[in-house]
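See below for entry.tsv, which holds TSV, C-alpha atoms.
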```
chain	number	residue	atom	x	y	z
A	1	MET	CA	-5.07	27.10	-42.53
A	2	SER	CA	-1.94	27.41	-40.49
A	3	GLN	CA	-1.55	24.90	-37.70
A	4	PRO	CA	0.37	25.64	-34.55
A	5	LEU	CA	3.74	23.98	-34.40
A	6	ILE	CA	3.32	20.95	-32.20
A	7	SER	CA	6.22	19.32	-30.44
A	8	GLU	CA	6.52	15.88	-28.98
A	9	ALA	CA	6.52	17.55	-25.58
A	10	ASP	CA	3.11	19.04	-26.33
A	11	LEU	CA	1.67	15.65	-27.14
A	12	HIS	CA	2.97	14.07	-23.96
A	13	GLY	CA	2.03	17.19	-22.05
A	14	TRP	CA	-1.55	16.77	-23.23
A	15	ALA	CA	-1.65	13.05	-22.42
A	16	ASP	CA	-0.14	13.70	-18.97
A	17	ASP	CA	-2.34	16.73	-18.41
A	18	ARG	CA	0.56	19.07	-17.78
A	19	LEU	CA	-0.18	21.87	-20.25
A	20	ASP	CA	-1.30	25.33	-19.33
A	21	PRO	CA	-4.91	25.99	-20.32
A	22	GLN	CA	-4.02	28.00	-23.42
A	23	ARG	CA	-1.72	25.40	-24.86
A	24	ARG	CA	-4.16	22.67	-23.99
A	25	GLY	CA	-6.84	24.51	-25.93
A	26	GLU	CA	-4.58	24.77	-28.95
A	27	ILE	CA	-3.76	21.10	-28.87
A	28	GLU	CA	-7.40	20.13	-28.45
A	29	ALA	CA	-8.34	22.25	-31.45
A	30	LEU	CA	-5.76	20.33	-33.43
A	31	LEU	CA	-7.01	17.00	-32.13
A	32	ALA	CA	-10.52	17.85	-33.27
A	33	GLU	CA	-9.18	17.94	-36.82
A	34	ARG	CA	-6.97	14.90	-36.49
A	35	PRO	CA	-9.06	11.98	-35.19
A	36	GLU	CA	-6.23	9.54	-35.65
A	37	LEU	CA	-3.89	11.61	-33.50
A	38	ALA	CA	-6.68	12.17	-30.99
A	39	GLU	CA	-7.15	8.43	-30.67
A	40	GLN	CA	-3.42	7.92	-30.25
A	41	LEU	CA	-3.18	10.45	-27.43
A	42	ALA	CA	-6.32	9.14	-25.75
A	43	GLY	CA	-4.60	5.78	-25.74
A	44	TRP	CA	-1.57	7.28	-24.02
A	45	ARG	CA	-3.79	8.85	-21.42
A	46	GLU	CA	-5.59	5.56	-20.85
A	47	GLN	CA	-2.20	3.89	-20.28
A	48	ASN	CA	-1.55	6.20	-17.36
A	49	ALA	CA	-4.94	5.35	-15.87
A	50	LEU	CA	-4.26	1.65	-16.40
A	51	LEU	CA	-0.88	1.91	-14.65
A	52	HIS	CA	-2.55	3.47	-11.63
A	53	ARG	CA	-5.34	0.91	-11.54
A	54	SER	CA	-2.78	-1.87	-11.67
A	55	PHE	CA	-0.18	-0.67	-9.22
A	56	ASP	CA	-1.71	1.85	-6.82
A	57	ALA	CA	-2.74	-1.00	-4.53
A	58	VAL	CA	0.94	-1.41	-3.65
A	59	LEU	CA	0.73	1.92	-1.83
A	60	ASP	CA	-1.75	0.44	0.62
A	61	GLU	CA	0.27	-2.66	1.39
A	62	PRO	CA	2.02	-2.76	4.75
A	63	VAL	CA	5.67	-1.91	4.37
A	64	PRO	CA	7.77	-5.02	5.03
A	65	ALA	CA	9.72	-4.83	8.27
A	66	ARG	CA	13.02	-5.35	6.47
A	67	LEU	CA	12.52	-2.12	4.55
A	68	LEU	CA	11.69	-0.20	7.70
A	69	ASP	CA	14.78	-1.71	9.29
A	70	ALA	CA	16.86	-0.63	6.31
A	71	ALA	CA	15.64	2.93	6.68
A	72	ARG	CA	16.26	2.97	10.42
A	73	PRO	CA	19.46	1.02	10.87
A	74	GLN	CA	20.72	0.36	14.33
A	75	PRO	CA	24.31	1.05	15.30
A	76	ARG	CA	26.63	-1.76	14.31
A	77	VAL	CA	27.16	-3.15	17.79
A	78	TRP	CA	23.46	-3.40	18.37
A	79	ARG	CA	22.90	-4.95	15.00
A	80	LEU	CA	25.39	-7.65	15.90
A	81	ALA	CA	23.72	-8.14	19.24
A	82	ALA	CA	20.35	-8.33	17.56
A	83	ALA	CA	21.66	-10.94	15.14
A	84	PHE	CA	22.75	-13.11	18.03
A	85	ALA	CA	19.43	-12.57	19.71
A	86	TRP	CA	17.64	-13.67	16.55
A	87	LEU	CA	19.74	-16.80	16.41
A	88	ALA	CA	18.86	-17.49	19.97
A	89	LEU	CA	15.22	-16.90	19.27
A	90	GLY	CA	15.17	-19.52	16.54
A	91	GLY	CA	17.21	-22.01	18.48
A	92	VAL	CA	16.25	-24.43	21.14
A	93	ILE	CA	18.49	-23.01	23.83
A	94	GLY	CA	20.13	-19.82	24.77
A	95	PHE	CA	17.19	-17.50	24.53
A	96	LEU	CA	17.48	-14.40	26.51
A	97	VAL	CA	14.77	-13.26	28.82
A	98	ARG	CA	15.41	-9.92	30.41
A	99	GLY	CA	12.32	-9.77	32.51
A	100	ALA	CA	11.68	-6.74	34.62
A	101	TRP	CA	10.18	-9.04	37.20
A	102	ALA	CA	11.33	-12.32	38.63
A	103	PRO	CA	10.53	-15.31	36.44
A	104	PRO	CA	7.05	-16.44	37.27
A	105	ALA	CA	6.31	-19.87	38.56
A	106	GLY	CA	4.54	-22.35	36.39
A	107	SER	CA	5.55	-23.73	33.04
A	108	HIS	CA	2.62	-22.12	31.27
A	109	MET	CA	3.84	-18.70	32.12
A	110	VAL	CA	7.48	-19.38	31.23
A	111	SER	CA	6.88	-20.45	27.67
A	112	LEU	CA	4.19	-17.87	26.93
A	113	PRO	CA	6.32	-14.87	25.88
A	114	ARG	CA	8.72	-16.94	23.88
A	115	GLN	CA	5.99	-18.78	21.96
A	116	ALA	CA	4.24	-15.49	21.35
A	117	ALA	CA	7.43	-13.82	20.10
A	118	ILE	CA	8.17	-16.67	17.72
A	119	ALA	CA	4.63	-16.50	16.34
A	120	HIS	CA	5.10	-12.74	16.01
A	121	VAL	CA	8.31	-12.93	13.99
A	122	VAL	CA	6.86	-15.63	11.77
A	123	TYR	CA	3.68	-13.82	10.81
A	124	ALA	CA	4.18	-10.08	11.33
A	125	PRO	CA	6.43	-9.65	8.26
A	126	GLU	CA	3.96	-11.48	6.02
A	127	VAL	CA	2.89	-9.29	3.14
A	128	ARG	CA	0.33	-11.44	1.42
A	129	HIS	CA	-0.97	-13.74	4.12
A	130	PRO	CA	-0.52	-12.07	7.50
A	131	VAL	CA	-3.77	-13.55	8.78
A	132	GLU	CA	-6.13	-16.39	7.97
A	133	VAL	CA	-9.32	-14.42	8.50
A	134	THR	CA	-9.32	-10.69	7.91
A	135	ALA	CA	-10.88	-8.04	10.10
A	136	ASP	CA	-13.81	-7.52	7.75
A	137	GLN	CA	-15.06	-10.91	8.99
A	138	GLU	CA	-14.40	-10.11	12.60
A	139	SER	CA	-17.49	-11.77	14.05
A	140	HIS	CA	-16.73	-14.97	12.17
A	141	LEU	CA	-13.09	-14.77	13.28
A	142	VAL	CA	-14.00	-14.35	16.95
A	143	ALA	CA	-16.66	-17.05	16.87
A	144	TRP	CA	-14.30	-19.49	15.17
A	145	LEU	CA	-11.38	-18.88	17.54
A	146	SER	CA	-13.68	-19.01	20.57
A	147	LYS	CA	-14.95	-22.38	19.44
A	148	ARG	CA	-11.47	-23.77	18.85
A	149	LEU	CA	-10.01	-22.42	22.08
A	150	GLY	CA	-13.05	-23.52	24.05
A	151	GLY	CA	-13.74	-20.17	25.64
A	152	ASP	CA	-14.92	-16.66	25.03
A	153	VAL	CA	-12.14	-15.09	22.95
A	154	LYS	CA	-12.34	-11.39	22.18
A	155	ALA	CA	-10.47	-9.27	19.64
A	156	PRO	CA	-9.81	-5.96	21.41
A	157	HIS	CA	-10.25	-2.77	19.41
A	158	LEU	CA	-7.11	-0.69	19.67
A	159	ALA	CA	-7.90	2.17	17.30
A	160	ALA	CA	-7.58	4.60	20.20
A	161	ALA	CA	-3.96	3.48	20.55
A	162	GLY	CA	-3.46	3.86	16.82
A	163	PHE	CA	-3.68	0.18	15.87
A	164	ASP	CA	-6.34	-1.38	13.68
A	165	LEU	CA	-7.23	-5.06	13.60
A	166	VAL	CA	-5.82	-6.80	10.51
A	167	GLY	CA	-7.36	-10.16	11.39
A	168	GLY	CA	-6.36	-13.35	13.11
A	169	ARG	CA	-5.29	-16.93	12.78
A	170	LEU	CA	-5.28	-20.23	14.60
A	171	LEU	CA	-1.91	-21.66	15.64
A	172	PRO	CA	-0.75	-24.90	17.21
A	173	GLY	CA	0.34	-24.30	20.79
A	174	GLU	CA	2.08	-26.60	23.22
A	175	GLN	CA	-1.13	-28.11	24.46
A	176	GLY	CA	-3.65	-27.28	21.80
A	177	PRO	CA	-4.96	-24.47	19.66
A	178	VAL	CA	-3.78	-20.90	20.17
A	179	ALA	CA	-5.16	-17.70	18.67
A	180	GLN	CA	-3.19	-14.81	17.23
A	181	PHE	CA	-4.71	-11.44	16.43
A	182	MET	CA	-2.72	-8.99	14.35
A	183	TYR	CA	-2.87	-5.21	14.50
A	184	GLN	CA	-1.26	-2.56	12.39
A	185	ASP	CA	-0.77	1.19	12.67
A	186	GLY	CA	-0.66	3.82	9.94
A	187	ARG	CA	3.01	3.21	9.29
A	188	GLY	CA	2.66	-0.51	8.82
A	189	GLN	CA	4.06	-1.31	12.27
A	190	ARG	CA	2.49	-4.52	13.52
A	191	LEU	CA	1.58	-5.92	16.91
A	192	THR	CA	0.27	-9.37	17.62
A	193	LEU	CA	-1.87	-10.54	20.52
A	194	TYR	CA	-1.30	-14.19	21.31
A	195	VAL	CA	-4.07	-15.88	23.26
A	196	ARG	CA	-3.76	-19.25	24.98
A	197	SER	CA	-6.57	-20.97	26.81
A	198	ASP	CA	-4.51	-23.59	28.62
A	199	ALA	CA	-3.46	-21.59	31.66
A	200	GLY	CA	-5.06	-24.24	33.86
A	201	GLU	CA	-5.00	-23.50	37.54
A	202	ASN	CA	-3.33	-20.13	37.21
A	203	LYS	CA	-5.68	-17.32	37.87
A	204	GLU	CA	-4.42	-13.83	37.46
A	205	THR	CA	-1.04	-12.20	37.26
A	206	ALA	CA	0.35	-8.73	36.81
A	207	PHE	CA	1.85	-7.67	33.50
A	208	ARG	CA	5.24	-9.14	32.89
A	209	TYR	CA	7.72	-7.96	30.34
A	210	ALA	CA	10.17	-9.95	28.23
A	211	GLN	CA	12.49	-9.06	25.43
A	212	GLU	CA	12.94	-11.80	22.85
A	213	GLY	CA	15.48	-10.67	20.29
A	214	LYS	CA	14.03	-7.53	18.78
A	215	VAL	CA	10.56	-8.33	19.98
A	216	SER	CA	9.14	-6.82	23.15
A	217	VAL	CA	6.43	-8.82	24.88
A	218	PHE	CA	4.01	-7.96	27.65
A	219	TYR	CA	2.22	-11.00	28.96
A	220	TRP	CA	-0.19	-11.89	31.68
A	221	LEU	CA	-2.65	-14.53	32.81
A	222	ASP	CA	-6.30	-13.82	33.34
A	223	GLY	CA	-8.51	-16.72	34.38
A	224	ARG	CA	-7.76	-19.65	32.15
A	225	PHE	CA	-6.40	-17.44	29.39
A	226	GLY	CA	-2.83	-16.40	28.86
A	227	TYR	CA	-2.22	-13.26	26.81
A	228	ALA	CA	0.96	-11.98	25.22
A	229	LEU	CA	1.22	-8.75	23.26
A	230	SER	CA	4.29	-8.63	21.01
A	231	GLY	CA	5.80	-5.92	18.87
A	232	GLU	CA	9.03	-4.35	17.75
A	233	ILE	CA	8.22	-1.08	19.42
A	234	GLY	CA	9.39	0.65	22.59
A	235	LYS	CA	8.50	-0.75	25.97
A	236	GLU	CA	6.49	2.28	27.03
A	237	GLU	CA	4.44	2.34	23.86
A	238	LEU	CA	3.81	-1.38	24.06
A	239	LEU	CA	2.76	-1.06	27.69
A	240	ASN	CA	0.16	1.54	26.73
A	241	VAL	CA	-1.33	-0.82	24.19
A	242	ALA	CA	-1.18	-3.72	26.66
A	243	ASN	CA	-3.15	-1.62	29.12
A	244	ALA	CA	-5.73	-0.87	26.45
A	245	VAL	CA	-6.03	-4.59	25.71
A	246	TYR	CA	-6.45	-5.42	29.38
A	247	ARG	CA	-9.10	-2.77	29.92
A	248	GLN	CA	-11.12	-4.03	26.98
A	249	LEU	CA	-10.93	-7.61	28.13
A	250	ASN	CA	-11.94	-6.60	31.65
A	251	PRO	CA	-14.47	-3.80	31.25
B	1	MET	CA	15.56	10.85	13.21
B	2	ALA	CA	13.93	13.24	10.79
B	3	ASP	CA	16.05	12.19	7.78
B	4	ARG	CA	15.09	8.59	8.14
B	5	ASP	CA	11.44	9.38	8.58
B	6	GLN	CA	11.60	11.21	5.26
B	7	ILE	CA	12.97	8.07	3.65
B	8	VAL	CA	10.35	5.89	5.31
B	9	ALA	CA	7.67	8.16	3.87
B	10	GLU	CA	8.98	7.46	0.36
B	11	ILE	CA	8.97	3.68	0.69
B	12	PRO	CA	5.43	3.05	-0.62
B	13	ARG	CA	6.13	5.04	-3.78
B	14	LEU	CA	9.46	3.31	-4.29
B	15	ARG	CA	7.78	-0.06	-3.88
B	16	ARG	CA	5.05	0.77	-6.38
B	17	TYR	CA	7.59	1.84	-8.99
B	18	ALA	CA	9.88	-1.12	-8.37
B	19	ARG	CA	6.96	-3.54	-8.55
B	20	ALA	CA	5.93	-2.25	-11.96
B	21	LEU	CA	9.53	-2.07	-13.11
B	22	THR	CA	10.57	-5.60	-12.17
B	23	GLY	CA	7.21	-7.36	-12.35
B	24	ASP	CA	8.08	-9.34	-9.22
B	25	ALA	CA	7.25	-8.43	-5.64
B	26	ALA	CA	10.31	-9.95	-3.97
B	27	ARG	CA	12.78	-8.55	-6.48
B	28	ALA	CA	11.08	-5.20	-6.25
B	29	ASP	CA	11.51	-5.10	-2.48
B	30	ASP	CA	15.15	-6.16	-2.85
B	31	LEU	CA	15.65	-3.21	-5.15
B	32	VAL	CA	13.90	-0.89	-2.71
B	33	GLN	CA	16.03	-2.16	0.15
B	34	ASP	CA	19.24	-1.58	-1.85
B	35	THR	CA	17.99	1.88	-2.74
B	36	ILE	CA	17.33	2.78	0.89
B	37	GLU	CA	20.72	1.50	2.01
B	38	ARG	CA	22.53	3.40	-0.68
B	39	ALA	CA	20.56	6.57	0.00
B	40	LEU	CA	21.54	6.41	3.66
B	41	SER	CA	25.19	5.76	2.83
B	42	ARG	CA	25.17	8.83	0.57
B	43	TRP	CA	22.91	10.95	2.68
B	44	SER	CA	25.46	13.75	2.83
B	45	LEU	CA	25.18	14.09	-0.96
B	46	TRP	CA	21.49	14.88	-0.86
B	47	ARG	CA	20.92	18.58	-0.78
B	48	SER	CA	18.15	19.35	1.62
B	49	GLY	CA	15.39	21.24	-0.13
B	50	THR	CA	15.76	19.37	-3.39
B	51	ASN	CA	13.31	16.65	-4.25
B	52	LEU	CA	14.08	13.57	-2.17
B	53	ARG	CA	11.77	11.39	-4.22
B	54	ALA	CA	13.51	12.21	-7.51
B	55	TRP	CA	16.89	11.65	-5.86
B	56	MET	CA	15.85	8.22	-4.63
B	57	PHE	CA	14.43	7.30	-8.02
B	58	ALA	CA	17.80	8.26	-9.50
B	59	ILE	CA	19.55	5.93	-7.04
B	60	MET	CA	17.13	3.17	-7.88
B	61	HIS	CA	17.72	3.74	-11.59
B	62	ASN	CA	21.48	3.32	-11.14
B	63	LEU	CA	21.02	0.14	-9.16
B	64	PHE	CA	18.54	-1.22	-11.68
B	65	VAL	CA	20.85	-0.48	-14.60
B	66	ASN	CA	23.76	-2.13	-12.79
B	67	GLN	CA	21.65	-5.20	-12.20
B	68	ILE	CA	20.81	-5.42	-15.88
B	69	LYS	CA	24.39	-4.86	-16.91
B	70	SER	CA	25.87	-7.30	-14.47
B	71	ALA	CA	27.22	-10.54	-15.84
B	72	GLN	CA	24.42	-12.51	-14.29
B	73	ARG	CA	21.63	-11.03	-16.29
B	74	ILE	CA	18.48	-10.92	-14.32
B	75	GLU	CA	15.65	-12.45	-16.23
B	76	TYR	CA	12.64	-10.53	-15.12
B	77	VAL	CA	10.15	-12.65	-16.99
B	78	GLY	CA	10.82	-15.77	-15.02
B	79	ASP	CA	8.72	-18.35	-13.31
B	80	ASP	CA	6.38	-15.73	-11.91
B	81	PRO	CA	5.75	-13.06	-14.50
B	82	LEU	CA	2.72	-11.71	-12.68
B	83	PRO	CA	3.09	-8.86	-10.31
B	84	ASP	CA	1.65	-9.64	-6.94
B	85	LEU	CA	-1.80	-8.26	-7.07
B	86	ALA	CA	-3.06	-6.58	-3.99
B	87	SER	CA	-6.13	-8.31	-2.71
B	88	ARG	CA	-8.12	-5.20	-3.52
B	89	ALA	CA	-7.98	-5.95	-7.21
B	90	THR	CA	-11.14	-7.66	-8.33
B	91	GLN	CA	-11.35	-10.66	-10.58
B	92	SER	CA	-12.23	-8.59	-13.60
B	93	ASP	CA	-9.26	-6.33	-12.98
B	94	ALA	CA	-6.96	-9.31	-12.89
B	95	LEU	CA	-6.91	-9.98	-16.60
B	96	GLU	CA	-6.28	-6.35	-17.44
B	97	VAL	CA	-3.47	-6.15	-14.92
B	98	ARG	CA	-1.91	-9.34	-16.18
B	99	ASP	CA	-1.99	-8.00	-19.73
B	100	LEU	CA	-0.39	-4.78	-18.63
B	101	ALA	CA	2.26	-6.45	-16.50
B	102	GLY	CA	3.17	-8.78	-19.33
B	103	ALA	CA	3.28	-5.96	-21.85
B	104	LEU	CA	5.45	-3.81	-19.56
B	105	GLN	CA	8.02	-6.57	-19.30
B	106	ARG	CA	8.22	-6.66	-23.09
B	107	LEU	CA	9.28	-3.04	-23.27
B	108	SER	CA	12.99	-2.38	-23.11
B	109	PRO	CA	14.12	-1.48	-19.57
B	110	GLU	CA	14.85	2.07	-20.76
B	111	GLN	CA	11.37	2.48	-22.15
B	112	ARG	CA	9.79	0.93	-19.08
B	113	GLU	CA	11.62	3.26	-16.73
B	114	VAL	CA	10.65	6.46	-18.47
B	115	LEU	CA	7.06	5.33	-18.98
B	116	LEU	CA	6.65	4.47	-15.30
B	117	LEU	CA	8.42	7.51	-13.91
B	118	VAL	CA	6.20	9.82	-15.94
B	119	GLY	CA	2.95	7.89	-16.27
B	120	LEU	CA	2.78	6.18	-12.89
B	121	GLU	CA	5.01	8.17	-10.55
B	122	GLU	CA	4.15	11.47	-12.19
B	123	LEU	CA	7.61	12.92	-12.10
B	124	SER	CA	7.98	16.03	-14.22
B	125	TYR	CA	9.82	15.52	-17.50
B	126	GLU	CA	12.75	17.42	-16.02
B	127	GLN	CA	12.82	15.22	-12.91
B	128	ALA	CA	12.60	12.08	-15.03
B	129	ALA	CA	15.48	13.32	-17.19
B	130	LYS	CA	17.56	13.98	-14.11
B	131	ALA	CA	16.69	10.64	-12.47
B	132	LEU	CA	17.63	8.75	-15.63
B	133	GLY	CA	20.64	10.90	-16.43
B	134	ILE	CA	19.48	11.69	-19.97
B	135	PRO	CA	18.56	14.92	-21.82
B	136	ILE	CA	14.93	15.93	-21.75
B	137	GLY	CA	14.67	15.45	-25.50
B	138	THR	CA	15.62	11.83	-25.00
B	139	VAL	CA	12.90	11.52	-22.36
B	140	MET	CA	10.38	12.70	-24.93
B	141	SER	CA	11.49	10.43	-27.75
B	142	ARG	CA	11.87	7.43	-25.48
B	143	LEU	CA	8.46	8.11	-23.99
B	144	SER	CA	6.92	8.22	-27.46
B	145	ARG	CA	8.44	4.89	-28.37
B	146	ALA	CA	7.42	3.35	-25.05
B	147	ARG	CA	3.83	4.54	-25.32
B	148	GLU	CA	3.43	3.41	-28.88
B	149	ARG	CA	4.98	0.04	-28.21
B	150	LEU	CA	2.76	-0.46	-25.15
B	151	ARG	CA	-0.27	0.58	-27.18
B	152	ALA	CA	0.59	-1.98	-29.82
B	153	LEU	CA	1.26	-4.68	-27.25
B	154	LEU	CA	-2.01	-4.08	-25.46
B	155	ALA	CA	-3.85	-3.98	-28.77
B	156	GLY	CA	-2.22	-7.26	-29.70
B	157	THR	CA	-0.37	-5.85	-32.69
B	158	GLU	CA	3.37	-5.92	-32.33
B	159	ALA	CA	4.08	-3.69	-35.29
B	160	ALA	CA	4.22	-0.35	-33.58
B	161	HIS	CA	5.13	2.57	-35.70
B	162	LEU	CA	5.53	6.04	-34.40
B	163	LYS	CA	3.93	8.86	-36.21
B	164	VAL	CA	6.00	11.95	-36.66
B	165	VAL	CA	3.74	14.87	-36.11
B	166	LYS	CA	4.71	18.33	-37.13
```
Go ahead and express the file in the form of structure tokens.
Amino acid sequence: MSQPLISEADLHGWADDRLDPQRRGEIEALLAERPELAEQLAGWREQNALLHRSFDAVLDEPVPARLLDAARPQPRVWRLAAAFAWLALGGVIGFLVRGAWAPPAGSHMVSLPRQAAIAHVVYAPEVRHPVEVTADQESHLVAWLSKRLGGDVKAPHLAAAGFDLVGGRLLPGEQGPVAQFMYQDGRGQRLTLYVRSDAGENKETAFRYAQEGKVSVFYWLDGRFGYALSGEIGKEELLNVANAVYRQLNP
Amino acid sequence: MADRDQIVAEIPRLRRYARALTGDAARADDLVQDTIERALSRWSLWRSGTNLRAWMFAIMHNLFVNQIKSAQRIEYVGDDPLPDLASRATQSDALEVRDLAGALQRLSPEQREVLLLVGLEELSYEQAAKALGIPIGTVMSRLSRARERLRALLAGTEAAHLKVVK
């Protein structure tokens, strides 16, 4: 019986499922007669499946900010300026607050955007441990943070603005525990909502805006809570999300 | 900018490939970052309408080869030979993945590249040949050796021999 001439390309083509139906039929007829070869090619095919099972999860990971930055470089002058701003952000002095409003009175309010921005730049780029408690345990997360902050903490749902809750964590603040919720959009862009419960006598303020290095922050006081929403996105877009947060906290 | 959005859209695929190639999450992202920066610096060389993904894999290949060739040889099986597993992977997956990651690192870099470009990234044989700068016949023979070696490694028998089928 004459066998069709089989090339290496045919064998890989079968394993990778890239043959046209006719050729595939011919190869499969051959494999039926050659169990050893059939087993070999099935093994190749299984390797492909194993590669996908092992590495496809990487596709769902948030893209690290440094890679997004690499793909969207800023002009050189701005990059230099940003570098200085980052230095300032990490340092004790020299931070730059370009508020759209006059600096608010009260020490609580002054430190709020800066603390929030620092917490943002520390945790937002985290690939493996961005949060302590993930969003699938949201009720536990909220109950835990409420208990630690000594008040009714809520995790706003921002899906309508394109951001899903990743989870949250507890942080040390200036005067006690602070909560941070993290959100992420479809492109891996992250926002954090920083919640402090030590606002004391302050009652309610309007939104205020601060730019800390590359991080934009909208912050406000509401009762005994101070809120700061941080992200490396445009001011307008961030304001929209801040409004959504405020509406959910004050239905 | 539309060009850059196109590159951003390729990042997850580049990361997956680099992770499997290097076996180390941080090194993989370094390689991806270098690839992005070089792609942008040579953007004028990319002909719109051709496959951006294959072009970026070709850039990554060149960078990877240069890393291997450079005087300071990069030892990819170092203190952390495990790829970072996404949290989605279950416990029972973990052993399988560890076996695979370890076996991949025991292939030659040339074998690993062609195996991953075809088997994981699903480039056509022609695209893989172009990305690696080798003839398509070499893709086939290298792929055969890679698949047989991996099969032997996963089966626990080092002695891989390739059958010549005519």
Residues around (13.7, 5.3, -4.6), cut-off 9 Å, counting only C-alpha atoms - what are they as a list in words?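 Counting only C-alpha atoms, I find these residues within 9 Å of (13.7, 5.3, -4.6): Ile7, Glu10, Ile11, Arg13, Leu14, Arg15, Tyr17, Ala18, Leu31, Val32, Thr35, Ile36, Ala39, Leu52, Arg53, Ala54, Trp55, Met56, Phe57, Ala58, Ile59, Met60 and His61 of chain B.
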List every residue of chain A that has an atom at most 10 Å from any atom of chain B, giving for each one its closest atom pair and the distance in Å to one decimal, counting only C-alpha atoms, sorted by chain and then by ascending residue number, as a tab-separated table.
```
residue	atom	partner	partner_atom	distance
A:Gln3	CA	B:Lys166	CA	9.1
A:Pro4	CA	B:Lys166	CA	8.9
A:Leu5	CA	B:Lys166	CA	6.3
A:Ile6	CA	B:Lys166	CA	5.8
A:Ser7	CA	B:Lys166	CA	6.9
A:Glu8	CA	B:Met140	CA	6.4
A:Ala9	CA	B:Met140	CA	6.2
A:Asp10	CA	B:Met140	CA	9.7
A:Leu11	CA	B:Ser144	CA	9.1
A:His12	CA	B:Met140	CA	7.6
A:Gly13	CA	B:Tyr125	CA	9.2
A:Ala15	CA	B:Gly119	CA	9.3
A:Asp16	CA	B:Gly119	CA	7.1
A:Arg18	CA	B:Ser124	CA	8.8
A:Leu37	CA	B:Val165	CA	8.7
A:Gln40	CA	B:Glu148	CA	8.3
A:Leu41	CA	B:Arg147	CA	9.4
A:Gly43	CA	B:Arg151	CA	6.9
A:Trp44	CA	B:Arg147	CA	6.2
A:Arg45	CA	B:Gly119	CA	8.5
A:Glu46	CA	B:Arg151	CA	9.7
A:Gln47	CA	B:Gly119	CA	7.7
A:Asn48	CA	B:Gly119	CA	4.9
A:Ala49	CA	B:Gly119	CA	8.3
A:Leu50	CA	B:Leu100	CA	7.8
A:Leu51	CA	B:Leu120	CA	5.9
A:His52	CA	B:Leu120	CA	6.1
A:Arg53	CA	B:Val97	CA	8.0
A:Ser54	CA	B:Val97	CA	5.4
A:Phe55	CA	B:Arg16	CA	6.1
A:Asp56	CA	B:Arg16	CA	6.9
A:Ala57	CA	B:Ala86	CA	5.6
A:Val58	CA	B:Arg16	CA	5.4
A:Leu59	CA	B:Pro12	CA	5.0
A:Asp60	CA	B:Pro12	CA	7.7
A:Glu61	CA	B:Ala86	CA	7.4
A:Pro62	CA	B:Pro12	CA	8.6
A:Val63	CA	B:Pro12	CA	7.0
A:Pro64	CA	B:Asp29	CA	8.4
A:Arg66	CA	B:Gln33	CA	7.7
A:Leu67	CA	B:Gln33	CA	5.6
A:Leu68	CA	B:Val8	CA	6.7
A:Asp69	CA	B:Gln33	CA	9.2
A:Ala70	CA	B:Glu37	CA	6.2
A:Ala71	CA	B:Arg4	CA	5.9
A:Arg72	CA	B:Arg4	CA	6.2
A:Pro73	CA	B:Glu37	CA	9.0
A:Val127	CA	B:Ala86	CA	9.7
A:Arg128	CA	B:Ala86	CA	8.0
A:Arg187	CA	B:Ala9	CA	8.7
```
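Note that CA of Thr134 in chain A and CA of Pro172 in chain A are 19.0 Å apart.
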(-0.8, -16.6, 32.3) in this file's frame - what residues fall within 6 Å of it? Use all atoms listed in the file and give the answer as a list in words.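 Returned residue set, sorted by chain then number, is Met109, Ala199, Trp220, Leu221 and Gly226 of chain A.
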CA of Gln127 in chain B to CA of Ala29 in chain A, straight-line distance in Å: 29.0 Å
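Note that the spacing between CA of Phe218 in chain A and CA of Asp164 in chain A amounts to 18.6 Å.
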With 3 Å on each side, where is the centre of the axis-aligned box around all listed atoms of range 43-62 of chain B, and how long are its edges in Å to one decimal, as lines of an AutoDock Vina configuration file?
```
center_x = 18.6
center_y = 12.2
center_z = -4.4
size_x = 19.7
size_y = 24.1
size_z = 20.4
```
